[in-house]
Each structure stands twice: as C-alpha cells, then as structure tokens.
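**Q** Dropping in start.cif, which is mmCIF, C-alpha atoms and all ligand atoms:
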data_upload
loop_
_atom_site.group_PDB
_atom_site.id
_atom_site.type_symbol
_atom_site.label_atom_id
_atom_site.label_comp_id
_atom_site.auth_asym_id
_atom_site.auth_seq_id
_atom_site.Cartn_x
_atom_site.Cartn_y
_atom_site.Cartn_z
ATOM 1 C CA MET A 959 -49.782 17.278 -2.278
ATOM 2 C CA GLY A 960 -50.187 19.712 0.641
ATOM 3 C CA SER A 961 -47.420 19.518 3.201
ATOM 4 C CA GLY A 962 -47.403 15.728 3.636
ATOM 5 C CA LEU A 963 -45.660 12.918 1.827
ATOM 6 C CA PRO A 964 -46.439 12.414 -1.872
ATOM 7 C CA PRO A 965 -48.016 9.068 -2.808
ATOM 8 C CA ALA A 966 -45.323 6.504 -3.680
ATOM 9 C CA LYS A 967 -45.595 2.904 -4.897
ATOM 10 C CA ASP A 968 -43.383 0.098 -3.558
ATOM 11 C CA SER A 969 -40.495 -0.753 -5.913
ATOM 12 C CA ALA A 970 -40.769 -3.894 -8.051
ATOM 13 C CA THR A 971 -38.559 -6.558 -6.470
ATOM 14 C CA GLU A 972 -38.280 -9.088 -9.305
ATOM 15 C CA GLY A 973 -38.852 -9.240 -13.058
ATOM 16 C CA ASP A 974 -38.478 -11.424 -16.132
ATOM 17 C CA ALA A 975 -34.801 -11.926 -17.035
ATOM 18 C CA SER A 976 -35.742 -13.168 -20.517
ATOM 19 C CA LYS A 977 -37.034 -9.675 -21.425
ATOM 20 C CA PRO A 978 -34.630 -7.000 -22.737
ATOM 21 C CA LEU A 979 -33.360 -4.598 -20.090
ATOM 22 C CA VAL A 980 -33.244 -0.918 -21.058
ATOM 23 C CA VAL A 981 -31.379 1.587 -18.876
ATOM 24 C CA TYR A 982 -31.973 5.340 -19.104
ATOM 25 C CA GLY A 983 -29.402 7.947 -18.105
ATOM 26 C CA PHE A 984 -27.040 10.773 -19.023
ATOM 27 C CA THR A 985 -23.909 10.749 -21.167
ATOM 28 C CA PRO A 986 -20.397 10.931 -19.642
ATOM 29 C CA LEU A 987 -18.723 14.219 -18.725
ATOM 30 C CA GLY A 988 -15.083 15.009 -19.516
ATOM 31 C CA GLY A 989 -13.086 11.843 -18.949
ATOM 32 C CA THR A 990 -15.540 9.855 -16.816
ATOM 33 C CA ALA A 991 -15.774 6.202 -17.863
ATOM 34 C CA SER A 992 -19.562 6.243 -17.749
ATOM 35 C CA SER A 993 -22.188 8.914 -17.026
ATOM 36 C CA ALA A 994 -21.933 12.486 -15.672
ATOM 37 C CA SER A 995 -24.463 11.202 -13.127
ATOM 38 C CA PRO A 996 -22.670 9.101 -10.504
ATOM 39 C CA PHE A 997 -25.914 7.170 -10.016
ATOM 40 C CA VAL A 998 -26.135 6.227 -13.696
ATOM 41 C CA SER A 999 -22.449 5.336 -13.665
ATOM 42 C CA LYS A 1000 -23.110 3.172 -10.583
ATOM 43 C CA LEU A 1001 -25.857 1.260 -12.365
ATOM 44 C CA GLU A 1002 -23.948 0.747 -15.608
ATOM 45 C CA THR A 1003 -20.899 -0.394 -13.624
ATOM 46 C CA TYR A 1004 -23.015 -2.804 -11.573
ATOM 47 C CA LEU A 1005 -24.470 -4.297 -14.776
ATOM 48 C CA ARG A 1006 -20.972 -4.811 -16.162
ATOM 49 C CA MET A 1007 -19.616 -6.228 -12.888
ATOM 50 C CA ALA A 1008 -22.587 -8.602 -12.600
ATOM 51 C CA GLY A 1009 -22.436 -9.617 -16.284
ATOM 52 C CA ILE A 1010 -26.018 -8.562 -17.130
ATOM 53 C CA ASP A 1011 -26.857 -7.568 -20.722
ATOM 54 C CA TYR A 1012 -28.537 -4.201 -21.172
ATOM 55 C CA GLU A 1013 -29.207 -1.486 -23.672
ATOM 56 C CA ALA A 1014 -28.603 2.166 -22.736
ATOM 57 C CA ARG A 1015 -30.764 5.100 -23.808
ATOM 58 C CA VAL A 1016 -29.915 8.733 -23.205
ATOM 59 C CA GLY A 1017 -32.703 10.783 -21.618
ATOM 60 C CA MET A 1018 -34.989 10.978 -18.619
ATOM 61 C CA SER A 1019 -38.445 11.316 -20.127
ATOM 62 C CA GLY A 1020 -40.797 8.837 -18.435
ATOM 63 C CA ALA A 1021 -38.629 8.553 -15.294
ATOM 64 C CA PRO A 1022 -40.997 7.221 -12.603
ATOM 65 C CA LYS A 1023 -39.280 9.223 -9.836
ATOM 66 C CA GLY A 1024 -38.262 12.144 -12.057
ATOM 67 C CA LYS A 1025 -34.597 11.120 -11.852
ATOM 68 C CA VAL A 1026 -32.085 8.980 -13.681
ATOM 69 C CA PRO A 1027 -31.206 6.190 -13.736
ATOM 70 C CA PHE A 1028 -34.367 4.241 -14.356
ATOM 71 C CA ILE A 1029 -34.971 0.956 -16.159
ATOM 72 C CA LYS A 1030 -37.631 -0.753 -18.227
ATOM 73 C CA GLN A 1031 -37.897 -4.529 -18.475
ATOM 74 C CA GLY A 1032 -41.082 -6.196 -19.695
ATOM 75 C CA ASP A 1033 -43.894 -4.444 -17.846
ATOM 76 C CA VAL A 1034 -41.612 -3.130 -15.084
ATOM 77 C CA THR A 1035 -40.494 0.521 -14.997
ATOM 78 C CA LEU A 1036 -38.301 1.214 -11.991
ATOM 79 C CA GLY A 1037 -36.359 4.228 -10.687
ATOM 80 C CA ASP A 1038 -33.519 4.675 -8.162
ATOM 81 C CA SER A 1039 -30.166 2.926 -8.531
ATOM 82 C CA THR A 1040 -30.359 1.127 -5.179
ATOM 83 C CA PHE A 1041 -33.794 -0.366 -5.790
ATOM 84 C CA ILE A 1042 -32.786 -1.235 -9.352
ATOM 85 C CA CYS A 1043 -29.738 -3.140 -8.054
ATOM 86 C CA GLU A 1044 -31.966 -5.013 -5.570
ATOM 87 C CA TYR A 1045 -34.380 -5.861 -8.406
ATOM 88 C CA LEU A 1046 -31.501 -7.097 -10.582
ATOM 89 C CA LYS A 1047 -30.058 -9.251 -7.770
ATOM 90 C CA ASN A 1048 -33.433 -11.043 -7.480
ATOM 91 C CA THR A 1049 -34.177 -11.183 -11.204
ATOM 92 C CA TYR A 1050 -30.774 -12.625 -12.199
ATOM 93 C CA LYS A 1051 -30.235 -14.714 -9.034
ATOM 94 C CA GLY A 1052 -27.654 -17.466 -9.495
ATOM 95 C CA LYS A 1053 -26.231 -15.879 -12.670
ATOM 96 C CA LEU A 1054 -24.422 -12.874 -11.193
ATOM 97 C CA GLN A 1055 -20.653 -12.431 -11.355
ATOM 98 C CA THR A 1056 -20.752 -10.143 -8.296
ATOM 99 C CA LYS A 1057 -20.748 -11.381 -4.685
ATOM 100 C CA GLU A 1058 -22.793 -9.499 -2.122
ATOM 101 C CA PRO A 1059 -21.374 -9.302 1.420
ATOM 102 C CA ASP A 1060 -22.523 -12.083 3.737
ATOM 103 C CA THR A 1061 -21.021 -11.265 7.124
ATOM 104 C CA ALA A 1062 -22.136 -8.579 9.581
ATOM 105 C CA GLU A 1063 -18.837 -6.762 9.074
ATOM 106 C CA THR A 1064 -18.761 -6.790 5.263
ATOM 107 C CA LYS A 1065 -22.451 -5.844 5.131
ATOM 108 C CA ALA A 1066 -21.698 -2.860 7.382
ATOM 109 C CA VAL A 1067 -18.755 -1.816 5.172
ATOM 110 C CA ALA A 1068 -20.875 -2.044 1.999
ATOM 111 C CA ALA A 1069 -23.751 -0.059 3.521
ATOM 112 C CA ALA A 1070 -21.398 2.622 4.879
ATOM 113 C CA CYS A 1071 -19.642 2.962 1.485
ATOM 114 C CA ARG A 1072 -22.949 3.397 -0.321
ATOM 115 C CA ILE A 1073 -24.301 5.937 2.143
ATOM 116 C CA ILE A 1074 -21.067 7.968 2.211
ATOM 117 C CA CYS A 1075 -21.098 8.172 -1.594
ATOM 118 C CA GLU A 1076 -24.769 8.732 -2.220
ATOM 119 C CA ASP A 1077 -25.357 11.243 0.545
ATOM 120 C CA ASN A 1078 -22.289 13.219 1.570
ATOM 121 C CA LEU A 1079 -20.152 12.907 -1.565
ATOM 122 C CA ALA A 1080 -23.115 13.410 -3.930
ATOM 123 C CA SER A 1081 -23.917 16.702 -2.170
ATOM 124 C CA GLY A 1082 -20.236 17.658 -2.426
ATOM 125 C CA MET A 1083 -20.386 17.093 -6.168
ATOM 126 C CA SER A 1084 -23.421 19.396 -6.507
ATOM 127 C CA TYR A 1085 -21.673 21.992 -4.330
ATOM 128 C CA TYR A 1086 -18.636 22.076 -6.622
ATOM 129 C CA ARG A 1087 -20.256 21.582 -10.037
ATOM 130 C CA TRP A 1088 -23.165 23.958 -9.517
ATOM 131 C CA GLY A 1089 -22.509 26.166 -6.482
ATOM 132 C CA HIS A 1090 -18.817 26.996 -6.723
ATOM 133 C CA PRO A 1091 -18.151 29.845 -9.211
ATOM 134 C CA LYS A 1092 -15.277 28.014 -10.959
ATOM 135 C CA GLY A 1093 -17.277 24.771 -11.133
ATOM 136 C CA PHE A 1094 -20.408 26.484 -12.433
ATOM 137 C CA SER A 1095 -18.559 28.226 -15.217
ATOM 138 C CA ALA A 1096 -16.833 24.941 -16.227
ATOM 139 C CA THR A 1097 -20.158 23.057 -16.010
ATOM 140 C CA LYS A 1098 -21.869 25.714 -18.174
ATOM 141 C CA GLU A 1099 -19.127 25.439 -20.769
ATOM 142 C CA ARG A 1100 -19.633 21.653 -20.936
ATOM 143 C CA MET A 1101 -23.404 22.128 -21.267
ATOM 144 C CA SER A 1102 -22.966 24.348 -24.286
ATOM 145 C CA SER A 1103 -22.320 21.248 -26.404
ATOM 146 C CA ILE A 1104 -25.754 19.783 -25.580
ATOM 147 C CA VAL A 1105 -27.997 22.812 -24.899
ATOM 148 C CA PRO A 1106 -29.069 25.008 -27.856
ATOM 149 C CA TRP A 1107 -27.295 28.413 -27.726
ATOM 150 C CA PHE A 1108 -30.528 30.382 -27.256
ATOM 151 C CA MET A 1109 -31.324 28.344 -24.107
ATOM 152 C CA MET A 1110 -27.817 28.625 -22.671
ATOM 153 C CA TRP A 1111 -28.590 31.659 -20.479
ATOM 154 C CA LEU A 1112 -31.673 30.039 -18.967
ATOM 155 C CA ILE A 1113 -31.131 26.264 -18.592
ATOM 156 C CA PRO A 1114 -27.917 26.208 -16.496
ATOM 157 C CA ARG A 1115 -29.314 28.901 -14.170
ATOM 158 C CA MET A 1116 -32.605 27.028 -13.786
ATOM 159 C CA ILE A 1117 -30.825 23.785 -12.884
ATOM 160 C CA ARG A 1118 -28.488 25.672 -10.566
ATOM 161 C CA GLY A 1119 -31.416 27.322 -8.750
ATOM 162 C CA LYS A 1120 -33.066 23.956 -8.099
ATOM 163 C CA ILE A 1121 -29.815 22.314 -6.953
ATOM 164 C CA MET A 1122 -28.905 25.228 -4.660
ATOM 165 C CA LYS A 1123 -32.320 25.032 -2.999
ATOM 166 C CA ASN A 1124 -31.787 21.311 -2.314
ATOM 167 C CA LEU A 1125 -28.235 21.912 -1.084
ATOM 168 C CA TYR A 1126 -29.387 24.595 1.345
ATOM 169 C CA ALA A 1127 -32.125 22.292 2.680
ATOM 170 C CA GLN A 1128 -29.602 19.452 2.998
ATOM 171 C CA GLY A 1129 -27.269 21.885 4.763
ATOM 172 C CA LEU A 1130 -23.930 21.612 2.944
ATOM 173 C CA SER A 1131 -24.064 25.069 1.362
ATOM 174 C CA ARG A 1132 -24.427 26.675 4.807
ATOM 175 C CA HIS A 1133 -20.787 25.805 5.599
ATOM 176 C CA SER A 1134 -17.632 27.643 4.538
ATOM 177 C CA GLU A 1135 -15.647 26.014 1.730
ATOM 178 C CA LYS A 1136 -12.930 25.058 4.232
ATOM 179 C CA ASP A 1137 -15.529 23.202 6.319
ATOM 180 C CA VAL A 1138 -16.957 21.508 3.203
ATOM 181 C CA ILE A 1139 -13.460 20.308 2.274
ATOM 182 C CA PHE A 1140 -13.092 18.907 5.799
ATOM 183 C CA LEU A 1141 -16.371 16.969 5.492
ATOM 184 C CA LEU A 1142 -15.574 15.600 2.032
ATOM 185 C CA THR A 1143 -11.999 14.682 2.927
ATOM 186 C CA SER A 1144 -13.087 12.747 6.022
ATOM 187 C CA SER A 1145 -15.637 10.830 3.912
ATOM 188 C CA VAL A 1146 -13.086 9.988 1.223
ATOM 189 C CA GLU A 1147 -10.592 9.009 3.927
ATOM 190 C CA ALA A 1148 -13.175 6.574 5.333
ATOM 191 C CA LEU A 1149 -13.535 4.942 1.891
ATOM 192 C CA SER A 1150 -9.760 4.678 1.657
ATOM 193 C CA GLY A 1151 -9.654 3.068 5.114
ATOM 194 C CA PHE A 1152 -12.353 0.538 4.194
ATOM 195 C CA LEU A 1153 -10.514 -0.387 0.990
ATOM 196 C CA GLY A 1154 -7.009 -0.744 2.440
ATOM 197 C CA ASP A 1155 -4.974 -3.060 0.204
ATOM 198 C CA LYS A 1156 -7.953 -5.065 -1.039
ATOM 199 C CA ARG A 1157 -8.989 -5.092 -4.689
ATOM 200 C CA TYR A 1158 -12.651 -4.346 -3.916
ATOM 201 C CA MET A 1159 -14.393 -2.900 -0.877
ATOM 202 C CA THR A 1160 -15.333 -6.242 0.661
ATOM 203 C CA GLY A 1161 -12.787 -8.623 -0.871
ATOM 204 C CA ASP A 1162 -11.599 -10.052 -4.198
ATOM 205 C CA VAL A 1163 -14.977 -9.985 -5.946
ATOM 206 C CA PRO A 1164 -16.984 -6.780 -6.532
ATOM 207 C CA CYS A 1165 -20.399 -6.109 -4.992
ATOM 208 C CA ALA A 1166 -23.039 -3.424 -5.620
ATOM 209 C CA ALA A 1167 -21.307 -1.077 -3.149
ATOM 210 C CA ASP A 1168 -18.216 -1.088 -5.392
ATOM 211 C CA ALA A 1169 -20.370 0.189 -8.232
ATOM 212 C CA SER A 1170 -21.582 2.998 -5.957
ATOM 213 C CA VAL A 1171 -18.069 3.950 -4.922
ATOM 214 C CA PHE A 1172 -16.733 3.780 -8.470
ATOM 215 C CA GLY A 1173 -19.603 5.860 -9.898
ATOM 216 C CA MET A 1174 -18.863 8.622 -7.418
ATOM 217 C CA LEU A 1175 -15.060 8.532 -7.316
ATOM 218 C CA ASP A 1176 -14.680 8.297 -11.098
ATOM 219 C CA ASN A 1177 -16.858 11.415 -11.329
ATOM 220 C CA TYR A 1178 -14.767 13.132 -8.617
ATOM 221 C CA LEU A 1179 -11.476 12.235 -10.302
ATOM 222 C CA ASN A 1180 -12.192 12.283 -13.993
ATOM 223 C CA ASP A 1181 -14.934 14.800 -14.811
ATOM 224 C CA GLY A 1182 -12.263 17.074 -16.286
ATOM 225 C CA LEU A 1183 -13.523 20.139 -14.387
ATOM 226 C CA ASP A 1184 -10.291 20.512 -12.361
ATOM 227 C CA LEU A 1185 -12.089 21.077 -9.050
ATOM 228 C CA GLU A 1186 -11.364 20.337 -5.393
ATOM 229 C CA PRO A 1187 -13.065 16.872 -5.401
ATOM 230 C CA ALA A 1188 -10.373 15.493 -7.748
ATOM 231 C CA ARG A 1189 -7.633 16.920 -5.519
ATOM 232 C CA ILE A 1190 -9.214 15.311 -2.452
ATOM 233 C CA VAL A 1191 -9.330 11.810 -4.007
ATOM 234 C CA LYS A 1192 -5.756 12.114 -5.322
ATOM 235 C CA ARG A 1193 -4.537 12.298 -1.715
ATOM 236 C CA PHE A 1194 -5.491 8.612 -1.350
ATOM 237 C CA PRO A 1195 -3.394 6.445 -3.710
ATOM 238 C CA ASN A 1196 -5.334 3.250 -2.955
ATOM 239 C CA LEU A 1197 -8.554 4.920 -4.212
ATOM 240 C CA VAL A 1198 -6.841 6.172 -7.372
ATOM 241 C CA ARG A 1199 -5.544 2.625 -7.988
ATOM 242 C CA TYR A 1200 -9.077 1.251 -7.345
ATOM 243 C CA VAL A 1201 -10.737 3.603 -9.855
ATOM 244 C CA THR A 1202 -8.042 2.933 -12.469
ATOM 245 C CA ASP A 1203 -8.407 -0.830 -12.035
ATOM 246 C CA ILE A 1204 -12.230 -0.756 -12.379
ATOM 247 C CA ARG A 1205 -11.997 1.467 -15.458
ATOM 248 C CA ARG A 1206 -9.489 -0.935 -17.052
ATOM 249 C CA THR A 1207 -11.502 -4.044 -16.149
ATOM 250 C CA TYR A 1208 -15.056 -2.891 -16.902
ATOM 251 C CA TYR A 1209 -14.635 -0.090 -19.452
ATOM 252 C CA PRO A 1210 -11.837 -1.284 -21.743
ATOM 253 C CA GLU A 1211 -11.169 0.850 -24.813
ATOM 254 C CA ASP A 1212 -13.021 -1.555 -27.102
ATOM 255 C CA ASN A 1213 -16.128 -1.573 -24.876
ATOM 256 C CA PRO A 1214 -16.799 2.008 -23.706
ATOM 257 C CA SER A 1215 -19.859 3.067 -21.731
ATOM 258 C CA GLN A 1216 -23.035 2.550 -23.725
ATOM 259 C CA PHE A 1217 -23.949 6.117 -22.758
ATOM 260 C CA SER A 1218 -20.844 7.489 -24.417
ATOM 261 C CA PRO A 1219 -20.941 8.859 -27.958
ATOM 262 C CA ALA A 1220 -17.962 6.553 -28.634
ATOM 263 C CA TYR A 1221 -20.161 3.498 -28.212
ATOM 264 C CA LYS A 1222 -21.376 2.085 -31.463
ATOM 265 C CA ALA A 1223 -24.283 -0.296 -31.299
ATOM 266 C CA GLY A 1224 -25.168 -0.375 -34.968
ATOM 267 C CA ASP A 1225 -24.573 3.300 -35.738
ATOM 268 C CA ALA A 1226 -24.647 5.336 -32.516
ATOM 269 C CA THR A 1227 -25.842 5.671 -28.951
ATOM 270 C CA LYS A 1228 -29.604 5.343 -29.001
ATOM 271 C CA ARG A 1229 -31.810 8.215 -27.881
ATOM 272 C CA ASP A 1230 -35.452 8.167 -26.863
HETATM 273 N N1 LIG A 1301 -31.356 8.131 -5.227
HETATM 274 C C1 LIG A 1301 -31.293 8.242 -6.664
HETATM 275 C C2 LIG A 1301 -30.577 9.538 -7.042
HETATM 276 C C3 LIG A 1301 -30.583 9.798 -8.539
HETATM 277 C C4 LIG A 1301 -30.272 11.239 -8.870
HETATM 278 O O1 LIG A 1301 -30.136 12.089 -7.975
HETATM 279 N N2 LIG A 1301 -30.194 11.520 -10.175
HETATM 280 C C5 LIG A 1301 -29.981 12.888 -10.611
HETATM 281 C C6 LIG A 1301 -28.812 12.945 -11.590
HETATM 282 S S1 LIG A 1301 -27.289 12.705 -10.723
HETATM 283 C C7 LIG A 1301 -31.205 13.362 -11.383
HETATM 284 O O2 LIG A 1301 -31.787 12.623 -12.160
HETATM 285 N N3 LIG A 1301 -31.602 14.609 -11.173
HETATM 286 C C8 LIG A 1301 -32.676 15.209 -11.934
HETATM 287 C C9 LIG A 1301 -33.624 15.969 -11.077
HETATM 288 O O3 LIG A 1301 -33.523 15.909 -9.837
HETATM 289 O O4 LIG A 1301 -34.470 16.637 -11.671
HETATM 290 C C10 LIG A 1301 -30.598 7.004 -7.245
HETATM 291 O O5 LIG A 1301 -29.869 6.313 -6.519
HETATM 292 O O6 LIG A 1301 -30.847 6.685 -8.419
#
Turn the structure described in the file into structure tokens.
**A**
Amino acid sequence: MGSGLPPAKDSATEGDASKPLVVYGFTPLGGTASSASPFVSKLETYLRMAGIDYEARVGMSGAPKGKVPFIKQGDVTLGDSTFICEYLKNTYKGKLQTKEPDTAETKAVAAACRIICEDNLASGMSYYRWGHPKGFSATKERMSSIVPWFMMWLIPRMIRGKIMKNLYAQGLSRHSEKDVIFLLTSSVEALSGFLGDKRYMTGDVPCAADASVFGMLDNYLNDGLDLEPARIVKRFPNLVRYVTDIRRTYYPEDNPSQFSPAYKAGDATKRD
C-alpha cells in the first residue's frame, strides 16, 4: 500500500429488491435496543423505520471494508452504513415509509446530525468505552460473556490498542477529560437544538438521519456502562424523550432487535 491511498471500489448504488437482504453486525450491549455498534443500530433502525424486510447475522467475517455493518443482497456486498442507506433508498424507491429531507434547511439539519453523531460522538464513545479506566473495565467485563476466558487478557487489550491509536490520530485523546466533556456536550446540545419539540429531526416522519442519531444516542444512554456519555444526554429531556419514543415505536417488546439474543427467528439469532 505504501503511503498512499488504498485501492477502493465505488459503492453499489442500486440492487434487486426481490432478493433477500442480509445485514451483518454486532449484538446489543447492556440495555441498548439494537447493537453495541451505533452504526449497526443505525442501519437496523433505518430498515425498521423504512419498512424494509431483512435478516440479521452476527459477525463481521467477509466485511468488504473490514467494519460492520455490511449487507449482502443478490450479488451485492456493501459496507458502510451511509452508503448502505443510499443503496436502500434507490433499491426500494417508492416503497419507503421514511421521508428524506427536501428543502435546503432540512437537508442541512440532516447532514449536520449525521456528521455530529458519526464523527464527534462516535469518537467520544470510543474514548469512554475503551480509553477511560472505568469504561475499559466495564467494557472488559461485558466482553467476558463472549470472549473465551483464555483470550480475555489479550483480546480487550488488542482492541483497545487499535482504538487508542485511531483516537490519538483523530485527536480526541489529546484533550483533558474536562475538554472532551465540553466537546461532547456542545455536540449533544446541537442535536437537542435541532430537534426542539418535533417528533423527528426534520419533522413528523423519520429520515435516515434519525436512524443515525438514535443509533448513537441509544448507545450513549442505554449501554449500561454508567459513563459520562449517558449523563450528558440526560441533561437534554427532548433527546431522552426522542430515544424513548423511537425505542417504543421501532423496537417493541414483541419485536426486539434481530441482533439480540432475545430475538427468535425459528430458534435463535443466526450466526455466520
Ligand atoms: N463509517 C462506518 C463506520 C463503521 C464502524 O466504525 N464500525 C465499527 C464498529 S462500531 C467496526 O466495525 N470496527 C471494527 C474495526 O475497525 O476493526 C459506517 O458508517 O458503517
């Protein structure tokens, strides 16, 4: 690869809606409605908001970009939640129960919400779950239910090393915790300001940006790790109401996340 850009193919923009759609990702963490990955939660929430049928598989082997979520449909294999949502909007055109923004202002709000969540708040999540001593010990404890005991010393430290390298390059871990809290709080405050009294970020009907915001805020609020991110979101009652409403509407008790062990499709959540 040298020091330049790695080769990368353009994302598929449209597929065959008559073919089964399979979504790959991680299971939920603590009390999150969907996955421990806010990006997987975003995609599953978008599928539910849009009314698209799918089948979830736990795992990331075969991920075209080395990350989850990714999907397979017919001969298409596609990674990255944003490009997957674009693909789904084209593939299921005319059948979606979501409404994408159509004015300059609502488009700007949706883009800002997505970028705030997937850049700043995603780094904040890594900072607390993997960098912060209290978060790392809680994260390790959670991992002990899925990682064999003899790998428990190695695996969490390996993942932490990789994440800390990324966080240093991105810059967040170079700040004091007080400064990190300032950055995260101002981002969450912006989301709260965009939402105001509305039901969804751009009006009465959800759009893909709502899935992004929900995936991140549900992970901030409900991952059960008792960390600063949950305290930050709780300062904004309209965001807490928003997350609660989306959980109730799209993840009712009798239809839990397909990534959750509680989901029974036949016998259990499928694994690859
Ligand atoms: N931009 C990607 C981000 C996905 C992402 O960062 N996924 C993480 C889990 S939260 C992952 O798969 N990490 C594994 C790795 O980097 O090895 C998207 O929107 O799908």
**Q** Expand the PyMOL selection byres (((not hetatm)) within 7 of (chain A and resi 1301)) into the explicit residue set it covers here, and present it as a VMD selection string.
**A** chain A and resid 995 to 997 1024 to 1027 1037 to 1040
**Q** I would like the residues chosen by the PyMOL selection byres (((chain A and resi 1185) around 12) and not hetatm) on the shown file; could you give them as a VMD selection string?
**A** chain A and resid 1082 to 1097 1139 1177 to 1184 1186 to 1192
**Q** Using all atoms listed in the file, which residue out of A:Met1007, A:Ala1062, A:Ala975, A:Val981 lies closest to Thr1035 in chain A?
**A**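 Closest residue, counting all atoms listed in the file: A:Val981.
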**Q** Env of range 1152-1154 of chain A: 9 Å cut, atoms = only C-alpha atoms, seq-sep filter 6 positions within chain, self excluded. Answer as a PyMOL selection string.
**A** chain A and resi 1067+1071+1160-1161+1196-1197+1200
**Q** Could you tell me how far CA of Ser993 in chain A sits from CA of Arg1072 in chain A, in Å to one decimal place?
**A**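 Taking CA of Arg1072 in chain A and CA of Ser993 in chain A, their separation equals 17.6 Å.
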**Q** Would you please work out which residue, of A:Val1171, A:Ala1021, A:Ala970, A:Leu1125, is nearest to Leu1046 in chain A when using all atoms listed in the file?
**A** A:Ala970
**Q** Apply the PyMOL selection byres (((chain A and resi 1162-1167) around 8) and not hetatm) to the structure shown and report the selected residues as a PyMOL selection string.
**A** chain A and resi 1004+1007+1043+1056-1059+1068-1069+1071-1072+1156-1161+1168-1171
**Q** What's the 8 Å shell around range 1216-1219 of chain A, counting only C-alpha atoms, without same-chain residues fewer than 4 positions away, as a list in words?
**A**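 After dropping sequence-adjacent residues, the list is Gly983, Phe984, Thr985, Pro986, Ser992, Ser993, Glu1013, Ala1014, Arg1015, Val1016, Ala1226 and Thr1227 of chain A.
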**Q** Which one of A:Lys967, A:Arg1006, A:Lys1000, A:Lys1098 sits closest to Pro1210 in chain A if you count only C-alpha atoms?
**A** A:Arg1006
**Q** What is the CA of Asp1033 in chain A-CA of Lys1047 in chain A distance in Å, reported with one decimal?
**A**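 Between CA of Asp1033 in chain A and CA of Lys1047 in chain A the gap is 17.8 Å.
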**Q** Excluding Thr971 in chain A and residues on its chain fewer than 2 positions from it, collect all residues at most 10 Å away from it, counting all atoms listed in the file, and give them as a PyMOL selection string.
**A** chain A and resi 968-969+973+1034+1036+1041-1049
**Q** Just give me the gap between CA of Met1110 in chain A and CA of Asn1124 in chain A in Å, one decimal is fine.
**A** 22.0 Å
**Q** Rank nothing, just name the residue among A:Leu1130, A:Val980, A:Cys1075, A:Ile1113 nearest to Ile1029 in chain A, using all atoms listed in the file.
**A**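 Nearest to Ile1029 in chain A: A:Val980.
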